[in-house]
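Here's the structure, in structure tokens; my notes come after.
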Amino acid sequence: MKHVKLYFFFILFCILPHTLFLPWDCTFIFAGFSAWVAISMFQKQFIPHPLLKRSVILLIPVYFLYRFSTLADPDAASALLCSVAILKIFEVYSYRDAMITLLMSLLIVMFFLIHSYSLYAAIYMFATFIVFIYLLMDLQRKKYRLSQSFLKLRELFSYEMLIALPLLVSLFIFFPRFSTSFGSGEKIISNIGFTDRIDLGQMMSLAQSDRTAFKVQFLRGRPSSMENLYFRGAVLTINQNLSWKKVDQSKQLYSFPERDAPKNYRILLFPQQKKSLFLLDNSIITEISPNHLLFFNKDESTFSLGDVPDDLLQYYATIQKKQDFLPPSQWDEQVNIPPPSKELKTLLVTLKNKNPRDTIENVLNYFRSHNFSYSTQAPEYKSIDDFLFHNAGGYCEHYASVFTILLRLMKIPSRVVAGYLGAESNPYDDTFVVRDRYAHAWTEVYIDGEGWIRVDPTAIIYPQRLQAFRQIPSSSLPLLGSLFSDSALFFDSLNNRFELFMLNFNQDSQYSTVSRIVQFLNLKNIKTIVVFFLLLILIAILFIFLWKSEKMNRDKTTQAYHIALKKLKSKGILKYPNEGPKEFQNRLKTLDKNLQPYIEFIDAYILCRFANRPIQDELYKKARKLS
């Protein structure tokens, strides 16, 4: 029962990272099944009825099919596999059951690759594979009744693993990479907090979220003219009371600039439910990960994808001079707003000015002088009057929404922009992490002769929100970041490089690498290197087979036997090639020499070799003492 408990804890170790990506109800199911199995193992009197087990196993795929709408989705498949692996512990009775359990654990770890390319995940998977190999060796030892010395630490790093390293590197370089997805439709769970629709109170829920939205790396230094780090995502123009959504405008397939176009910064975008991309003001995309259609909305100066990305996405951008003035093409939508109340009309008279700039300043002064506060716990507002006259607290989305409505009521075209403000910097590689809690909303106002300008009313209420750059706090760093913040920052920079390397080694990079190898080896075509690669694999397999065969003949029992034969050879007694140990022993008895110690030694050898008597060490010492 001891090894079954070991398998159980190993499965839990493999499942644990999946709880970070799967819905909470899946984690609840895993916890329930784990408790069930633990009670069964540690309290022998509690044995689940076979009918109950079978019913649960039948209900698992039904529930996950209902939960995810498909079992082909990676999340649904991994949740199903994790649940079945936990329940499989109930049935570990034989060598076959244990092998199936270990292989299922290995599949669970492989599924983790779908979610993460990080260095942390690579270290976790390496540790998992070491434990997997150890358990596999332990299982073989029990089946073939090998000695405990078989499990020495040096065996984990034996020649077999060293031989496997070149094979693993070759597979990484040459194994074909496919651009495919499981299932269809949008993921239920998003790894990003951004939304292209604003309902009041929605962004407040992200204020405490540490999930990473995207990472930014400036390739040519930080923009000198940029006061704050605003990343535009979605432009929202359709107003419904205090909620905003995007207008259904026509967009064009984007034509990329020339290949030698400058690249000011790079963004690594984590999976999300939406198609919007994030850029600084006056930026255009110069390069993006392959197999993605890119669209550009000229009226909004925004970029979007043709499909919802379900993996890490990388794109490069450059900052240009301020673009040409583009008047709002949907004027009615820009200024269309429900009629104001009497109290609000009175306020508008005091705020409106012939000069739009003065009108904007009047509205900001109103916020400044009426004790409005910045709060992540604002109450629910039913109208603009409720916000302006009955309560004076709100989050960024409240101020952007109310500010835009006030300007529209005074016939000044304006729109709400949703995106991110601020980032956490890592000084070791000049990479900036943008988290969910930096989701932000502000206003863009159109002024004749100036075009669209950014106005952030939240800055009047809470100026600290405009702080652009912060160092990554130690609490956000894994691996005891609070105790070793410098080391954790350095390791985080290594993780950033690892993620970029794994992301960039796609089909194009693979083909380019193989082409360079072909040129280096002066091979004429790709077929030649494929044949060469297959030949290397066959040679490696043959070498491993021969080496293992030789090693099997070099255990202590066999070594002791060969030592005895070598000593007999020195006495002029040779063993015939077709002669077995018993026949050779009988022949020794017929010889007129003092060979009794050798005859007794062969008896011990036969017991050790063919009767599985655990006396290898004594047998080896006995062989050394023979004279």
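Lettering and numbering for the structure tokens are positional, with chains as A, B, ... in the shown order, residues counted from 1 in each chain, and ligands counted from 1 in the shown order.
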
Checklist entry - Among segment 214-388 of chain A, which residues carry a DSSP assignment of alpha helix (DSSP H), reported as JSON, numbers by chain? => result {"A": [331, 332, 333, 334, 335, 342, 343, 344, 345, 346, 347, 348, 349, 350, 351, 356, 357, 358, 359, 360, 361, 362, 363, 364, 365, 366, 367, 368, 369, 384, 385]}

Could you save those same residues with N, CA, C and O atoms as a short mmCIF file (atom, residue, chain, number, x, y, z; two decimals), in the first residue's frame?
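Produced file result_35.cif, reproduced below:
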data_model
loop_
_atom_site.label_atom_id
_atom_site.label_comp_id
_atom_site.auth_asym_id
_atom_site.auth_seq_id
_atom_site.Cartn_x
_atom_site.Cartn_y
_atom_site.Cartn_z
N TRP A 331 -20.83 60.63 -36.42
CA TRP A 331 -21.10 61.81 -35.61
C TRP A 331 -22.32 61.62 -34.70
O TRP A 331 -22.29 61.98 -33.53
N ASP A 332 -23.38 61.02 -35.24
CA ASP A 332 -24.59 60.84 -34.44
C ASP A 332 -24.32 59.99 -33.20
O ASP A 332 -24.85 60.26 -32.12
N GLU A 333 -23.49 58.97 -33.37
CA GLU A 333 -23.19 58.10 -32.23
C GLU A 333 -22.27 58.80 -31.23
O GLU A 333 -22.30 58.51 -30.03
N GLN A 334 -21.44 59.72 -31.75
CA GLN A 334 -20.52 60.41 -30.85
C GLN A 334 -21.25 61.38 -29.92
O GLN A 334 -20.84 61.58 -28.78
N VAL A 335 -22.32 62.00 -30.42
CA VAL A 335 -22.99 63.02 -29.62
C VAL A 335 -24.35 62.57 -29.13
O VAL A 335 -25.00 63.28 -28.35
N LYS A 342 -33.52 68.33 -15.40
CA LYS A 342 -33.47 69.78 -15.15
C LYS A 342 -32.24 70.16 -14.33
O LYS A 342 -31.59 71.17 -14.61
N GLU A 343 -31.95 69.38 -13.31
CA GLU A 343 -30.79 69.68 -12.48
C GLU A 343 -29.49 69.61 -13.30
O GLU A 343 -28.60 70.44 -13.15
N LEU A 344 -29.43 68.65 -14.21
CA LEU A 344 -28.23 68.50 -15.03
C LEU A 344 -28.13 69.63 -16.06
O LEU A 344 -27.03 70.12 -16.36
N LYS A 345 -29.29 70.06 -16.60
CA LYS A 345 -29.27 71.18 -17.55
C LYS A 345 -28.70 72.43 -16.90
O LYS A 345 -27.92 73.18 -17.52
N THR A 346 -29.07 72.66 -15.66
CA THR A 346 -28.55 73.83 -14.94
C THR A 346 -27.03 73.75 -14.80
O THR A 346 -26.31 74.74 -14.96
N LEU A 347 -26.54 72.56 -14.51
CA LEU A 347 -25.09 72.37 -14.39
C LEU A 347 -24.39 72.60 -15.73
O LEU A 347 -23.33 73.24 -15.79
N LEU A 348 -25.01 72.12 -16.82
CA LEU A 348 -24.37 72.26 -18.14
C LEU A 348 -24.23 73.72 -18.56
O LEU A 348 -23.25 74.09 -19.23
N VAL A 349 -25.19 74.55 -18.16
CA VAL A 349 -25.11 75.97 -18.50
C VAL A 349 -23.88 76.60 -17.87
O VAL A 349 -23.20 77.45 -18.47
N THR A 350 -23.56 76.18 -16.66
CA THR A 350 -22.39 76.75 -15.97
C THR A 350 -21.06 76.19 -16.50
O THR A 350 -20.00 76.81 -16.35
N LEU A 351 -21.12 75.04 -17.13
CA LEU A 351 -19.89 74.40 -17.61
C LEU A 351 -19.55 74.75 -19.05
O LEU A 351 -18.37 74.81 -19.42
N PRO A 356 -13.95 74.74 -26.80
CA PRO A 356 -14.01 73.39 -26.24
C PRO A 356 -12.97 73.13 -25.16
O PRO A 356 -13.24 72.42 -24.20
N ARG A 357 -11.79 73.71 -25.33
CA ARG A 357 -10.74 73.52 -24.34
C ARG A 357 -11.18 74.07 -22.97
O ARG A 357 -10.96 73.45 -21.93
N ASP A 358 -11.82 75.23 -22.99
CA ASP A 358 -12.30 75.82 -21.74
C ASP A 358 -13.43 74.98 -21.14
O ASP A 358 -13.52 74.84 -19.91
N THR A 359 -14.27 74.42 -22.01
CA THR A 359 -15.35 73.56 -21.51
C THR A 359 -14.78 72.33 -20.81
O THR A 359 -15.24 71.95 -19.72
N ILE A 360 -13.79 71.72 -21.41
CA ILE A 360 -13.14 70.54 -20.80
C ILE A 360 -12.56 70.91 -19.44
O ILE A 360 -12.72 70.19 -18.45
N GLU A 361 -11.91 72.08 -19.38
CA GLU A 361 -11.29 72.50 -18.12
C GLU A 361 -12.35 72.78 -17.06
O GLU A 361 -12.14 72.50 -15.86
N ASN A 362 -13.51 73.32 -17.49
CA ASN A 362 -14.60 73.59 -16.54
C ASN A 362 -15.11 72.29 -15.91
O ASN A 362 -15.39 72.23 -14.70
N VAL A 363 -15.26 71.25 -16.75
CA VAL A 363 -15.75 69.97 -16.22
C VAL A 363 -14.74 69.38 -15.24
O VAL A 363 -15.11 68.88 -14.17
N LEU A 364 -13.46 69.45 -15.59
CA LEU A 364 -12.44 68.92 -14.70
C LEU A 364 -12.39 69.70 -13.38
O LEU A 364 -12.21 69.12 -12.31
N ASN A 365 -12.57 71.02 -13.46
CA ASN A 365 -12.61 71.83 -12.24
C ASN A 365 -13.80 71.47 -11.37
O ASN A 365 -13.73 71.56 -10.14
N TYR A 366 -14.91 71.10 -12.02
CA TYR A 366 -16.09 70.70 -11.26
C TYR A 366 -15.77 69.45 -10.43
O TYR A 366 -16.13 69.35 -9.25
N PHE A 367 -15.11 68.47 -11.07
CA PHE A 367 -14.71 67.27 -10.33
C PHE A 367 -13.75 67.62 -9.20
O PHE A 367 -13.83 67.09 -8.09
N ARG A 368 -12.86 68.56 -9.49
CA ARG A 368 -11.81 68.91 -8.53
C ARG A 368 -12.40 69.63 -7.31
O ARG A 368 -11.93 69.43 -6.18
N SER A 369 -13.40 70.44 -7.52
CA SER A 369 -13.90 71.32 -6.45
C SER A 369 -15.07 70.74 -5.68
O SER A 369 -15.52 71.35 -4.71
N ILE A 384 -26.58 59.27 -14.46
CA ILE A 384 -25.51 60.25 -14.31
C ILE A 384 -25.83 61.23 -13.18
O ILE A 384 -24.93 61.68 -12.46
N ASP A 385 -27.11 61.53 -12.99
CA ASP A 385 -27.51 62.42 -11.88
C ASP A 385 -27.19 61.79 -10.53
O ASP A 385 -26.76 62.47 -9.59
#

Item to check | Filtered DSSP result for segment 333-406 of chain A, state strand (DSSP E), as a PyMOL selection string | outcome: chain A and resi 373-374+393-394

Dump all heavy atoms for the selected residues as a compact mmCIF listing (two decimals), in the first residue's frame?
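Final output, saved to selection_16.txt:
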# COMPACT_ATOMS: atom_id res chain seq x y z
N SER A 373 -14.19 61.48 -5.01
CA SER A 373 -13.13 60.59 -4.49
C SER A 373 -12.96 59.38 -5.42
O SER A 373 -13.84 59.02 -6.19
CB SER A 373 -13.48 60.12 -3.08
OG SER A 373 -14.68 59.35 -3.09
N TYR A 374 -11.76 58.81 -5.31
CA TYR A 374 -11.42 57.61 -6.10
C TYR A 374 -11.59 56.39 -5.19
O TYR A 374 -11.00 56.33 -4.12
CB TYR A 374 -9.98 57.73 -6.59
CG TYR A 374 -9.49 56.57 -7.41
CD1 TYR A 374 -9.74 56.51 -8.78
CD2 TYR A 374 -8.74 55.54 -6.84
CE1 TYR A 374 -9.26 55.45 -9.55
CE2 TYR A 374 -8.26 54.48 -7.60
CZ TYR A 374 -8.53 54.45 -8.95
OH TYR A 374 -8.06 53.40 -9.71
N GLY A 393 -18.20 59.32 -5.30
CA GLY A 393 -17.09 58.38 -5.32
C GLY A 393 -17.21 57.43 -6.50
O GLY A 393 -18.32 57.06 -6.91
N GLY A 394 -16.08 57.06 -7.07
CA GLY A 394 -16.12 56.14 -8.20
C GLY A 394 -14.75 55.69 -8.64
O GLY A 394 -13.72 56.14 -8.12

Item to check | Minimum-distance residue to Tyr316 of chain A, chosen among A:Gln217, A:Ser304, A:Ser55, A:Gln596 (using only C-alpha atoms) | outcome: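 Among A:Gln217, A:Ser304, A:Ser55, A:Gln596, it is A:Gln217 that comes nearest to Tyr316 of chain A.
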
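The gap separating atom CA of His49 of chain A from atom CA of Arg67 of chain A is 26.7 Å, in Å to one decimal.
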
Item to check | Nearest to Ala418 of chain A, chosen from A:Asn391, A:Ser255, A:Gln559, A:Thr237, with only C-alpha atoms counted in the distances | outcome: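 For Ala418 of chain A, the nearest of the candidates is A:Thr237.
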
Next on the checklist: I'd like the interatomic distance between atom CA of Arg232 of chain A and atom CA of Tyr446 of chain A, to a tenth of an Å.
Outcome noted: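 Separating atom CA of Arg232 of chain A from atom CA of Tyr446 of chain A is a distance of 16.2 Å.
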
Item to check | Nearest-residue call for Ser283 of chain A, choices A:Tyr265, A:Tyr605, A:Tyr561, A:Tyr124, using only C-alpha atoms | outcome: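 Ranking A:Tyr265, A:Tyr605, A:Tyr561, A:Tyr124 by distance to Ser283 of chain A, first place goes to A:Tyr265.
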
Item to check | For Cys396 of chain A: contacts at 8 Å, only C-alpha atoms, fewer than 3 positions along chain excluded, given as a list in words | outcome: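 Near Cys396 of chain A, the qualifying residues are Tyr374, Tyr399, Ala400, His440, Ala441, Trp442, Pro457 and Thr458 of chain A.
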
Dump N, CA, C and O atoms for the selected residues as a short mmCIF file (atom, residue, chain, number, x, y, z; two decimals), in the first residue's frame?
data_model
loop_
_atom_site.label_atom_id
_atom_site.label_comp_id
_atom_site.auth_asym_id
_atom_site.auth_seq_id
_atom_site.Cartn_x
_atom_site.Cartn_y
_atom_site.Cartn_z
N TYR A 374 -11.76 58.81 -5.31
CA TYR A 374 -11.42 57.61 -6.10
C TYR A 374 -11.59 56.39 -5.19
O TYR A 374 -11.00 56.33 -4.12
N TYR A 399 -15.60 57.89 -13.88
CA TYR A 399 -15.22 59.25 -14.27
C TYR A 399 -15.11 59.39 -15.79
O TYR A 399 -15.52 60.40 -16.36
N ALA A 400 -14.58 58.37 -16.47
CA ALA A 400 -14.49 58.43 -17.92
C ALA A 400 -15.88 58.45 -18.55
O ALA A 400 -16.14 59.20 -19.50
N HIS A 440 -7.76 50.22 -17.25
CA HIS A 440 -8.09 51.63 -17.05
C HIS A 440 -9.03 52.11 -18.16
O HIS A 440 -9.09 51.52 -19.25
N ALA A 441 -9.76 53.15 -17.86
CA ALA A 441 -10.64 53.80 -18.85
C ALA A 441 -10.41 55.30 -18.80
O ALA A 441 -10.24 55.88 -17.73
N TRP A 442 -10.37 55.91 -19.97
CA TRP A 442 -10.22 57.35 -20.07
C TRP A 442 -11.03 57.86 -21.26
O TRP A 442 -11.78 57.09 -21.89
N PRO A 457 -9.95 62.06 -16.77
CA PRO A 457 -10.52 62.76 -15.60
C PRO A 457 -10.12 62.12 -14.27
O PRO A 457 -10.13 62.79 -13.23
N THR A 458 -9.74 60.84 -14.29
CA THR A 458 -9.32 60.19 -13.06
C THR A 458 -8.08 60.86 -12.48
O THR A 458 -7.86 60.87 -11.26
#

Checklist entry - What's the 10 Å shell around Ile29 of chain A, counting only C-alpha atoms, without same-chain residues fewer than 3 positions away, as an MDAnalysis selection string? => result chainID A and resid 24:26 32:35 60 79 82:83
